[in-house]
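So this one's entry39.cif, mmCIF, C-alpha atoms:
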data_start
#
loop_
_atom_site.label_atom_id
_atom_site.label_comp_id
_atom_site.auth_asym_id
_atom_site.auth_seq_id
_atom_site.Cartn_x
_atom_site.Cartn_y
_atom_site.Cartn_z
CA MET A 1 -31.49 -29.29 7.88
CA SER A 2 -30.66 -27.70 4.50
CA THR A 3 -31.80 -29.24 1.25
CA PRO A 4 -29.24 -30.54 -1.28
CA GLU A 5 -30.19 -27.71 -3.65
CA ARG A 6 -29.44 -25.09 -1.02
CA SER A 7 -26.17 -26.78 -0.13
CA THR A 8 -25.16 -26.77 -3.78
CA ASP A 9 -26.11 -23.12 -4.16
CA GLY A 10 -24.17 -22.23 -1.04
CA GLY A 11 -21.12 -24.12 -2.29
CA ALA A 12 -21.27 -22.36 -5.67
CA ALA A 13 -21.62 -18.99 -3.98
CA ALA A 14 -18.66 -19.72 -1.73
CA MET A 15 -16.61 -20.82 -4.74
CA TRP A 16 -17.38 -17.63 -6.66
CA ALA A 17 -16.71 -15.52 -3.58
CA GLY A 18 -13.35 -17.25 -3.18
CA ARG A 19 -12.44 -16.58 -6.80
CA ALA A 20 -13.51 -12.95 -6.51
CA GLY A 21 -11.38 -12.61 -3.39
CA GLY A 22 -8.47 -14.26 -5.17
CA LEU A 23 -8.75 -11.85 -8.11
CA ALA A 24 -8.95 -8.92 -5.70
CA GLY A 25 -5.77 -10.05 -3.99
CA ALA A 26 -3.97 -10.74 -7.28
CA CYS A 27 -4.48 -7.22 -8.63
CA HIS A 28 -2.13 -5.65 -6.02
CA PRO A 29 -5.02 -3.73 -4.44
CA GLY A 30 -2.90 -1.33 -2.36
CA PRO A 31 -1.01 0.28 -5.26
CA VAL A 32 -4.09 0.12 -7.51
CA MET A 33 -6.23 2.08 -5.08
CA ALA A 34 -3.43 4.49 -4.13
CA VAL A 35 -2.62 5.44 -7.73
CA THR A 36 -6.31 5.69 -8.67
CA ALA A 37 -7.14 7.85 -5.66
CA LEU A 38 -4.16 10.14 -6.25
CA THR A 39 -5.04 10.66 -9.90
CA ALA A 40 -8.70 11.28 -9.07
CA ALA A 41 -7.71 13.85 -6.44
CA LEU A 42 -5.35 15.54 -8.90
CA ALA A 43 -8.12 15.66 -11.51
CA VAL A 44 -10.41 17.40 -9.04
CA THR A 45 -7.81 19.91 -7.84
CA ALA A 46 -6.70 20.60 -11.43
CA GLY A 47 -10.21 21.68 -12.35
CA GLN A 48 -11.77 18.74 -14.15
CA GLY A 49 -15.53 18.55 -13.66
CA ALA A 50 -17.22 15.80 -11.69
CA THR A 51 -18.08 13.67 -14.73
CA ARG A 52 -14.63 13.98 -16.29
CA SER A 53 -12.93 13.27 -12.95
CA VAL A 54 -14.94 10.05 -12.59
CA LEU A 55 -14.05 9.07 -16.16
CA THR A 56 -10.38 9.78 -15.51
CA ALA A 57 -10.47 7.69 -12.34
CA ALA A 58 -12.21 4.82 -14.17
CA ALA A 59 -9.59 4.81 -16.92
CA VAL A 60 -6.76 4.77 -14.40
CA LEU A 61 -8.47 2.09 -12.29
CA THR A 62 -8.89 -0.29 -15.22
CA GLY A 63 -5.34 0.36 -16.39
CA GLN A 64 -3.90 -0.32 -12.95
CA LEU A 65 -6.02 -3.45 -12.54
CA SER A 66 -4.74 -4.78 -15.86
CA VAL A 67 -1.15 -4.14 -14.82
CA GLY A 68 -1.57 -5.78 -11.40
CA TRP A 69 -3.23 -8.89 -12.80
CA CYS A 70 -0.66 -9.15 -15.61
CA ASN A 71 2.10 -9.02 -12.99
CA ASP A 72 0.69 -11.88 -10.91
CA ALA A 73 -0.25 -14.00 -13.93
CA PHE A 74 3.16 -13.66 -15.57
CA ASP A 75 5.01 -14.35 -12.30
CA ALA A 76 2.79 -17.29 -11.38
CA ARG A 77 5.17 -19.98 -12.61
CA ARG A 78 8.07 -18.57 -10.59
CA ASP A 79 5.89 -17.96 -7.55
CA ILE A 80 4.58 -21.54 -7.65
CA ALA A 81 8.09 -22.95 -8.12
CA THR A 82 9.34 -21.09 -5.06
CA ALA A 83 6.13 -21.72 -3.05
CA ARG A 84 5.70 -18.03 -2.42
CA ARG A 85 2.81 -17.91 0.02
CA GLY A 86 0.37 -15.04 0.13
CA LYS A 87 -0.09 -15.06 -3.65
CA PRO A 88 -3.66 -16.02 -4.63
CA VAL A 89 -2.50 -18.19 -7.54
CA VAL A 90 -0.02 -20.05 -5.33
CA ASP A 91 -2.63 -20.45 -2.59
CA GLY A 92 -5.11 -21.89 -5.10
CA ALA A 93 -7.69 -19.12 -4.67
CA VAL A 94 -7.73 -18.41 -8.41
CA SER A 95 -6.18 -19.95 -11.53
CA VAL A 96 -3.56 -18.41 -13.77
CA THR A 97 -5.99 -18.47 -16.69
CA GLU A 98 -8.60 -16.54 -14.71
CA VAL A 99 -6.04 -13.89 -13.79
CA TRP A 100 -4.95 -13.52 -17.44
CA VAL A 101 -8.60 -13.18 -18.52
CA ALA A 102 -9.12 -10.48 -15.88
CA ALA A 103 -5.98 -8.65 -17.03
CA TYR A 104 -7.00 -8.58 -20.69
CA THR A 105 -10.59 -7.65 -19.82
CA ALA A 106 -9.43 -4.69 -17.73
CA LEU A 107 -7.05 -3.64 -20.53
CA ALA A 108 -9.88 -3.83 -23.08
CA LEU A 109 -12.00 -1.56 -20.88
CA CYS A 110 -9.11 0.84 -20.29
CA VAL A 111 -8.72 1.69 -23.98
CA PRO A 112 -12.15 3.25 -24.63
CA LEU A 113 -12.26 4.84 -21.18
CA SER A 114 -8.89 6.51 -21.82
CA PHE A 115 -9.86 7.83 -25.26
CA ALA A 116 -13.17 9.08 -23.85
CA CYS A 117 -11.03 11.65 -22.01
CA GLY A 118 -9.67 12.93 -25.32
CA LEU A 119 -7.42 11.64 -28.11
CA TRP A 120 -4.14 12.99 -26.76
CA ALA A 121 -5.07 12.29 -23.15
CA GLY A 122 -6.00 8.72 -24.00
CA ALA A 123 -2.84 8.16 -26.03
CA VAL A 124 -0.63 9.45 -23.22
CA HIS A 125 -2.37 7.29 -20.61
CA LEU A 126 -2.15 4.17 -22.76
CA VAL A 127 1.57 4.77 -23.28
CA GLY A 128 1.93 4.67 -19.50
CA VAL A 129 -0.13 1.48 -19.27
CA ALA A 130 1.89 -0.11 -22.07
CA ALA A 131 5.11 0.78 -20.24
CA ALA A 132 3.79 -0.96 -17.12
CA TRP A 133 2.92 -4.08 -19.11
CA ALA A 134 6.41 -4.01 -20.63
CA TYR A 135 7.80 -3.95 -17.08
CA ASP A 136 5.72 -6.98 -16.09
CA LEU A 137 6.53 -9.00 -19.20
CA ARG A 138 10.19 -8.17 -19.79
CA LEU A 139 11.86 -5.13 -18.24
CA LYS A 140 11.41 -6.09 -14.57
CA ALA A 141 14.50 -8.30 -14.71
CA THR A 142 16.72 -5.84 -16.63
CA ALA A 143 18.78 -2.77 -15.82
CA TRP A 144 16.01 -0.72 -17.47
CA SER A 145 13.39 -1.68 -14.90
CA TRP A 146 13.14 1.93 -13.68
CA VAL A 147 12.04 3.29 -17.09
CA PRO A 148 8.45 1.95 -17.07
CA TYR A 149 7.91 3.42 -13.61
CA ALA A 150 9.20 6.81 -14.76
CA VAL A 151 7.07 6.75 -17.91
CA GLY A 152 3.99 5.44 -16.12
CA PHE A 153 4.04 7.97 -13.29
CA ALA A 154 4.86 10.84 -15.65
CA SER A 155 1.90 9.91 -17.84
CA LEU A 156 -0.64 10.31 -15.01
CA PRO A 157 -0.41 14.10 -14.46
CA ALA A 158 -0.08 14.53 -18.23
CA PHE A 159 -3.29 12.50 -18.65
CA VAL A 160 -5.06 14.76 -16.17
CA ALA A 161 -3.79 17.97 -17.78
CA LEU A 162 -4.75 16.89 -21.30
CA GLY A 163 -8.21 16.04 -20.02
CA LEU A 164 -8.88 19.63 -18.92
CA PRO A 165 -11.06 21.97 -21.01
CA GLY A 166 -9.09 23.11 -24.05
CA ARG A 167 -6.77 20.05 -23.87
CA PRO A 168 -3.74 22.03 -22.60
CA TRP A 169 -0.30 20.42 -22.58
CA PRO A 170 1.04 19.59 -19.13
CA ALA A 171 3.66 21.80 -17.52
CA TRP A 172 7.16 20.36 -17.80
CA TRP A 173 7.70 20.35 -14.07
CA VAL A 174 4.68 18.19 -13.28
CA VAL A 175 5.80 15.55 -15.80
CA THR A 176 9.35 15.67 -14.41
CA ALA A 177 8.10 15.34 -10.83
CA GLY A 178 5.90 12.42 -11.85
CA ALA A 179 8.86 10.62 -13.43
CA LEU A 180 11.00 11.17 -10.31
CA LEU A 181 8.19 9.88 -8.10
CA GLY A 182 7.98 6.83 -10.32
CA VAL A 183 11.67 6.03 -9.92
CA GLY A 184 11.34 6.47 -6.16
CA ALA A 185 8.27 4.22 -6.13
CA HIS A 186 10.22 1.53 -7.99
CA LEU A 187 13.09 1.62 -5.52
CA GLY A 188 10.74 1.68 -2.54
CA ASP A 189 8.62 -1.16 -3.90
CA VAL A 190 11.64 -3.40 -4.38
CA LEU A 191 13.50 -2.69 -1.13
CA PRO A 192 11.36 -4.73 1.33
CA ASP A 193 11.54 -7.90 -0.84
CA ILE A 194 14.94 -7.44 -2.44
CA HIS A 195 16.54 -10.48 -0.77
CA GLU A 196 13.69 -12.78 -1.87
CA ASP A 197 13.84 -11.38 -5.40
CA LEU A 198 17.58 -11.93 -5.62
CA ALA A 199 17.09 -15.52 -4.45
CA THR A 200 14.69 -16.15 -7.34
CA GLY A 201 16.95 -14.62 -9.97
CA VAL A 202 15.33 -11.20 -10.47
CA ARG A 203 18.00 -8.75 -11.64
CA GLY A 204 16.30 -5.40 -12.12
CA PHE A 205 18.01 -2.06 -11.66
CA PRO A 206 17.57 -1.94 -7.85
CA HIS A 207 18.73 -5.53 -7.46
CA ARG A 208 21.98 -4.71 -9.25
CA LEU A 209 22.59 -1.93 -6.72
CA GLY A 210 22.05 -4.25 -3.77
CA PRO A 211 20.16 -3.43 -0.56
CA ASP A 212 22.64 -0.77 0.61
CA GLY A 213 22.73 0.90 -2.79
CA VAL A 214 18.92 1.05 -2.95
CA ARG A 215 18.75 2.43 0.59
CA LEU A 216 21.12 5.26 -0.25
CA LEU A 217 19.56 6.05 -3.65
CA LEU A 218 15.91 5.78 -2.58
CA PRO A 219 15.50 9.27 -1.08
CA VAL A 220 17.28 11.01 -3.98
CA PRO A 221 14.51 10.95 -6.65
CA LEU A 222 11.85 11.63 -4.00
CA ALA A 223 13.69 14.65 -2.59
CA ALA A 224 14.38 15.83 -6.15
CA ALA A 225 10.65 15.59 -6.88
CA SER A 226 10.00 17.72 -3.79
CA ALA A 227 12.43 20.36 -5.07
CA VAL A 228 10.83 20.40 -8.53
CA LEU A 229 7.30 20.67 -7.12
CA ALA A 230 8.26 23.42 -4.67
CA LEU A 231 10.58 25.53 -6.83
CA ALA A 232 9.78 24.97 -10.52
CA PRO A 233 6.25 26.42 -10.82
CA ALA A 234 5.99 30.16 -11.47
CA GLY A 235 6.10 32.35 -8.41
CA PRO A 236 7.74 31.89 -5.01
CA PRO A 237 7.25 28.55 -3.26
CA GLY A 238 5.52 30.20 -0.33
CA ARG A 239 5.85 29.35 3.33
CA TRP A 240 4.31 25.90 3.08
CA GLY A 241 6.35 25.03 0.02
CA THR A 242 9.54 25.96 1.83
CA VAL A 243 8.52 24.00 4.91
CA ALA A 244 7.61 20.96 2.82
CA LEU A 245 10.90 21.08 0.95
CA ALA A 246 12.91 21.37 4.18
CA ALA A 247 10.93 18.55 5.78
CA ALA A 248 11.36 16.28 2.76
CA GLY A 249 15.11 16.87 2.68
CA SER A 250 15.51 16.28 6.42
CA VAL A 251 13.45 13.10 6.42
CA ALA A 252 15.26 11.77 3.36
CA VAL A 253 18.70 12.28 4.92
CA THR A 254 17.58 10.83 8.26
CA GLY A 255 16.16 7.75 6.56
CA ALA A 256 19.34 7.18 4.58
CA VAL A 257 21.50 7.43 7.71
CA LEU A 258 19.34 5.37 10.06
CA GLY A 259 18.48 2.89 7.33
CA ARG A 260 22.01 1.59 7.46
CA ARG A 261 21.11 -0.08 10.75
CA TRP A 262 17.34 -0.39 10.41
CA GLN A 263 16.37 -1.00 6.78
CA ARG A 264 12.67 -0.42 7.39
CA THR A 265 13.50 3.10 8.61
CA ALA A 266 14.77 3.97 5.13
CA PHE A 267 11.56 2.65 3.62
CA ALA A 268 9.38 4.52 6.13
CA ALA A 269 11.29 7.74 5.45
CA ALA A 270 10.80 7.28 1.71
CA VAL A 271 7.06 6.84 2.24
CA ALA A 272 7.00 10.04 4.33
CA VAL A 273 8.78 12.01 1.61
CA ALA A 274 6.42 10.56 -1.00
CA VAL A 275 3.48 11.79 1.09
CA VAL A 276 5.01 15.29 1.11
CA ASP A 277 5.47 15.08 -2.66
CA VAL A 278 1.84 14.06 -3.16
CA ALA A 279 0.69 16.95 -0.97
CA LEU A 280 2.80 19.37 -3.00
CA LEU A 281 1.49 17.93 -6.25
CA LEU A 282 -2.12 18.34 -5.15
CA ALA A 283 -1.42 21.84 -3.84
CA ARG A 284 0.00 22.78 -7.25
CA GLY A 285 -2.84 21.04 -9.08
CA THR A 286 -4.41 24.17 -10.59
CA GLY A 287 -1.16 25.02 -12.37
CA ILE A 288 -0.26 21.65 -13.91
CA ALA A 289 -1.15 22.87 -17.40
#

Representation of the structure as structure tokens:
Amino acid sequence: MSTPERSTDGGAAAMWAGRAGGLAGACHPGPVMAVTALTAALAVTAGQGATRSVLTAAAVLTGQLSVGWCNDAFDARRDIATARRGKPVVDGAVSVTEVWVAAYTALALCVPLSFACGLWAGAVHLVGVAAAWAYDLRLKATAWSWVPYAVGFASLPAFVALGLPGRPWPAWWVVTAGALLGVGAHLGDVLPDIHEDLATGVRGFPHRLGPDGVRLLLPVPLAAASAVLALAPAGPPGRWGTVALAAAGSVAVTGAVLGRRWQRTAFAAAVAVAVVDVALLLARGTGIA
């Protein structure tokens, strides 16, 4: 039979574990890890050394954590009012105050980590993080909701390029492709939950288009990003670039057509095109500056 002290210690440990799990769930772990991993991989393929690549990844990780926690903390009142299950704050796993503290702590860490990669690199990355915070706090419910995604995604390859030896400016095409991927990510992120968002009064750019409008528009920026990544860099696209571009276009069109009947098909097709875009971006990594 356990002693009261051990029971108390076990209860405290369980409470802290529950809070840690709640914070982990509130940060939007999927997008956080995906964006961090992509940027780290781009840093490696672009030619950053091991130490600088780790520093780049750490800056992006803290920035993404701050954005995810800000999103859940700011939306907490609406989520609680609509009893939106699956949200740690709504489920009582963590308090709104704790999520705000986590968001500001991550943001405070992001600033020095970003500038440790260089003055211009840090400034560009923090502009992207600031754009994401602006989305969470204001722009999400406006017709300009796509802008923070475009700015944020464009800032990531620019951050990597400016962190290379010699601090070279990023190539125009990698910034353009990043912005297009960001717009596609925004549309794709909204599509699965668009009906619930509309019911709670969210009126961002995709919501104003409606489900059918988003389905039709979704593949456009992603396919455009494929074209930029395959055709814009110097030299011929090569066999794999041509194959990737043809595959991205075919999948995008198929998703738009079939998505009229099966909405998840449009989303799945968009994810597939995004994967092709990421592969092209990594393949072109050495020439991003």

Please write the residues picked by the PyMOL selection byres ((chain A and resi 107) around 12) on this file as a PDB file with C-alpha atoms, keeping the file's coordinate frame.
ATOM      1  CA  ALA A  58     -12.210   4.820 -14.170  1.00  0.00           C
ATOM      2  CA  ALA A  59      -9.590   4.810 -16.920  1.00  0.00           C
ATOM      3  CA  VAL A  60      -6.760   4.770 -14.400  1.00  0.00           C
ATOM      4  CA  LEU A  61      -8.470   2.090 -12.290  1.00  0.00           C
ATOM      5  CA  THR A  62      -8.890  -0.290 -15.220  1.00  0.00           C
ATOM      6  CA  GLY A  63      -5.340   0.360 -16.390  1.00  0.00           C
ATOM      7  CA  GLN A  64      -3.900  -0.320 -12.950  1.00  0.00           C
ATOM      8  CA  LEU A  65      -6.020  -3.450 -12.540  1.00  0.00           C
ATOM      9  CA  SER A  66      -4.740  -4.780 -15.860  1.00  0.00           C
ATOM     10  CA  VAL A  67      -1.150  -4.140 -14.820  1.00  0.00           C
ATOM     11  CA  GLY A  68      -1.570  -5.780 -11.400  1.00  0.00           C
ATOM     12  CA  TRP A  69      -3.230  -8.890 -12.800  1.00  0.00           C
ATOM     13  CA  CYS A  70      -0.660  -9.150 -15.610  1.00  0.00           C
ATOM     14  CA  TRP A 100      -4.950 -13.520 -17.440  1.00  0.00           C
ATOM     15  CA  VAL A 101      -8.600 -13.180 -18.520  1.00  0.00           C
ATOM     16  CA  ALA A 102      -9.120 -10.480 -15.880  1.00  0.00           C
ATOM     17  CA  ALA A 103      -5.980  -8.650 -17.030  1.00  0.00           C
ATOM     18  CA  TYR A 104      -7.000  -8.580 -20.690  1.00  0.00           C
ATOM     19  CA  THR A 105     -10.590  -7.650 -19.820  1.00  0.00           C
ATOM     20  CA  ALA A 106      -9.430  -4.690 -17.730  1.00  0.00           C
ATOM     21  CA  ALA A 108      -9.880  -3.830 -23.080  1.00  0.00           C
ATOM     22  CA  LEU A 109     -12.000  -1.560 -20.880  1.00  0.00           C
ATOM     23  CA  CYS A 110      -9.110   0.840 -20.290  1.00  0.00           C
ATOM     24  CA  VAL A 111      -8.720   1.690 -23.980  1.00  0.00           C
ATOM     25  CA  PRO A 112     -12.150   3.250 -24.630  1.00  0.00           C
ATOM     26  CA  LEU A 113     -12.260   4.840 -21.180  1.00  0.00           C
ATOM     27  CA  SER A 114      -8.890   6.510 -21.820  1.00  0.00           C
ATOM     28  CA  HIS A 125      -2.370   7.290 -20.610  1.00  0.00           C
ATOM     29  CA  LEU A 126      -2.150   4.170 -22.760  1.00  0.00           C
ATOM     30  CA  VAL A 129      -0.130   1.480 -19.270  1.00  0.00           C
ATOM     31  CA  ALA A 130       1.890  -0.110 -22.070  1.00  0.00           C
ATOM     32  CA  ALA A 132       3.790  -0.960 -17.120  1.00  0.00           C
ATOM     33  CA  TRP A 133       2.920  -4.080 -19.110  1.00  0.00           C
TER      34      TRP A 133
END

Listing only residues of segment 160-182 of chain A within 12 Å of segment 37-51 of chain A, what is the closest atom pair and its distance in Å (to one decimal) for each, using all atoms listed in the file, sorted by chain and residue number ascending, as a Markdown table?
| residue | atom | partner | partner_atom | distance |
| --- | --- | --- | --- | --- |
| A:Val160 | CA | A:Ala43 | CA | 5.6 |
| A:Ala161 | CA | A:Ala46 | CA | 7.5 |
| A:Leu162 | CA | A:Gln48 | CA | 10.2 |
| A:Gly163 | CA | A:Gln48 | CA | 7.4 |
| A:Leu164 | CA | A:Gln48 | CA | 5.6 |
| A:Pro165 | CA | A:Gln48 | CA | 7.6 |
| A:Gly166 | CA | A:Gln48 | CA | 11.1 |
| A:Arg167 | CA | A:Gln48 | CA | 11.0 |
| A:Pro168 | CA | A:Ala46 | CA | 11.6 |
| A:Pro170 | CA | A:Ala46 | CA | 11.0 |
| A:Val174 | CA | A:Leu42 | CA | 11.3 |
| A:Gly178 | CA | A:Thr39 | CA | 11.3 |

Please provide as a ChimeraX atom specification all residues within 6 Å of Pro219 of chain A, with the sequence filter that same-chain residues fewer than 2 positions apart are discarded (counting all atoms listed in the file).
/A:217,221-223,252,270

Starting from the PyMOL selection byres ((chain A and resi 139) around 12), expand the selection into actual residues of this file and give them as a list in words.
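Taken over the shown coordinates, the PyMOL selection byres ((chain A and resi 139) around 12) returns Asn71, Ala130, Ala131, Ala132, Trp133, Ala134, Tyr135, Asp136, Leu137, Arg138, Lys140, Ala141, Thr142, Ala143, Trp144, Ser145, Trp146, Val147, Pro148, Tyr149, Val202, Arg203, Gly204 and Phe205 of chain A.
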
Counting all atoms listed in the file, figure out which residue out of A:Leu229, A:Ala185, A:Ala279, A:Ala158 gets nearest to Ala121 of chain A.
A:Ala158

Mind pulling up the distance from atom CA of Gly184 of chain A to atom CA of Arg208 of chain A?
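It comes out at 15.7 Å.
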
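The interatomic distance for the pair atom CA of Ala256 of chain A and atom CA of Leu216 of chain A works out to 5.5 Å.
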
Ranking A:Ser226, A:Thr36, A:Ser95, A:Thr254 by minimum distance to Ala177 of chain A and counting all atoms listed in the file, which one comes first?
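Using all atoms listed in the file, the shortest distance to Ala177 of chain A belongs to A:Ser226.
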
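A straight line drawn from atom CA of Thr286 of chain A to atom CA of Trp240 of chain A is 16.3 Å long.
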
Of the residues A:Gly152, A:Gly122, A:Gly21, A:Gly238, which is the one nearest to Val35 of chain A, using only C-alpha atoms?
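Closest to Val35 of chain A of all the choices is A:Gly152.
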
For each of A:Leu23, A:Ala269, A:Gly285, A:Pro29, take the minimum atom-to-atom distance to Pro157 of chain A, counting all atoms listed in the file, then give the residue where this is smallest.
A:Gly285

Skip Pro237 of chain A itself and residues of its chain fewer than 4 positions away, then list as a list in words all residues within 12 Å of it, counting all atoms listed in the file.
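Residues meeting the cut-off are Ser226, Ala227, Val228, Leu229, Ala230, Leu231, Ala232, Pro233, Gly241, Thr242, Val243, Ala244, Leu245, Ala246, Leu280, Ala283 and Arg284 of chain A.
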
If you count only C-alpha atoms, which residues fall within 7 Å of Ala93 of chain A, apart from same-chain ones fewer than 6 positions away, as a list in words?
Gly18, Arg19 and Gly22 of chain A

Any chance you can output those residues with C-alpha atoms as a compact mmCIF listing (two decimals), in the coordinates of the input?
# COMPACT_ATOMS: atom_id res chain seq x y z
CA GLY A 18 -13.35 -17.25 -3.18
CA ARG A 19 -12.44 -16.58 -6.80
CA GLY A 22 -8.47 -14.26 -5.17

Segment 103-119 of chain A: axis-aligned bounding box, 5 Å on each side, centre and edge lengths in Å, one decimal, as JSON:
{"center_x": -9.6, "center_y": 2.1, "center_z": -22.6, "size_x": 17.2, "size_y": 31.6, "size_z": 21.1}

Of A:Pro31, A:Gly287, A:Pro236, A:Gly25, the one sitting nearest Trp169 of chain A when using all atoms listed in the file is A:Gly287

Name the residues captured by the PyMOL selection byres ((chain A and resi 79) around 12) when it is applied to the shown file; answer as number ranges by chain.
A: 71-78, 80-92, 96, 196-197, 199-202

Would you mind telling me which residue in A:Val271, A:Leu198, A:Ala248, A:Ala234 lies nearest to His186 of chain A when using only C-alpha atoms?
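Going through A:Val271, A:Leu198, A:Ala248, A:Ala234 one by one, the smallest distance to His186 of chain A is for A:Val271.
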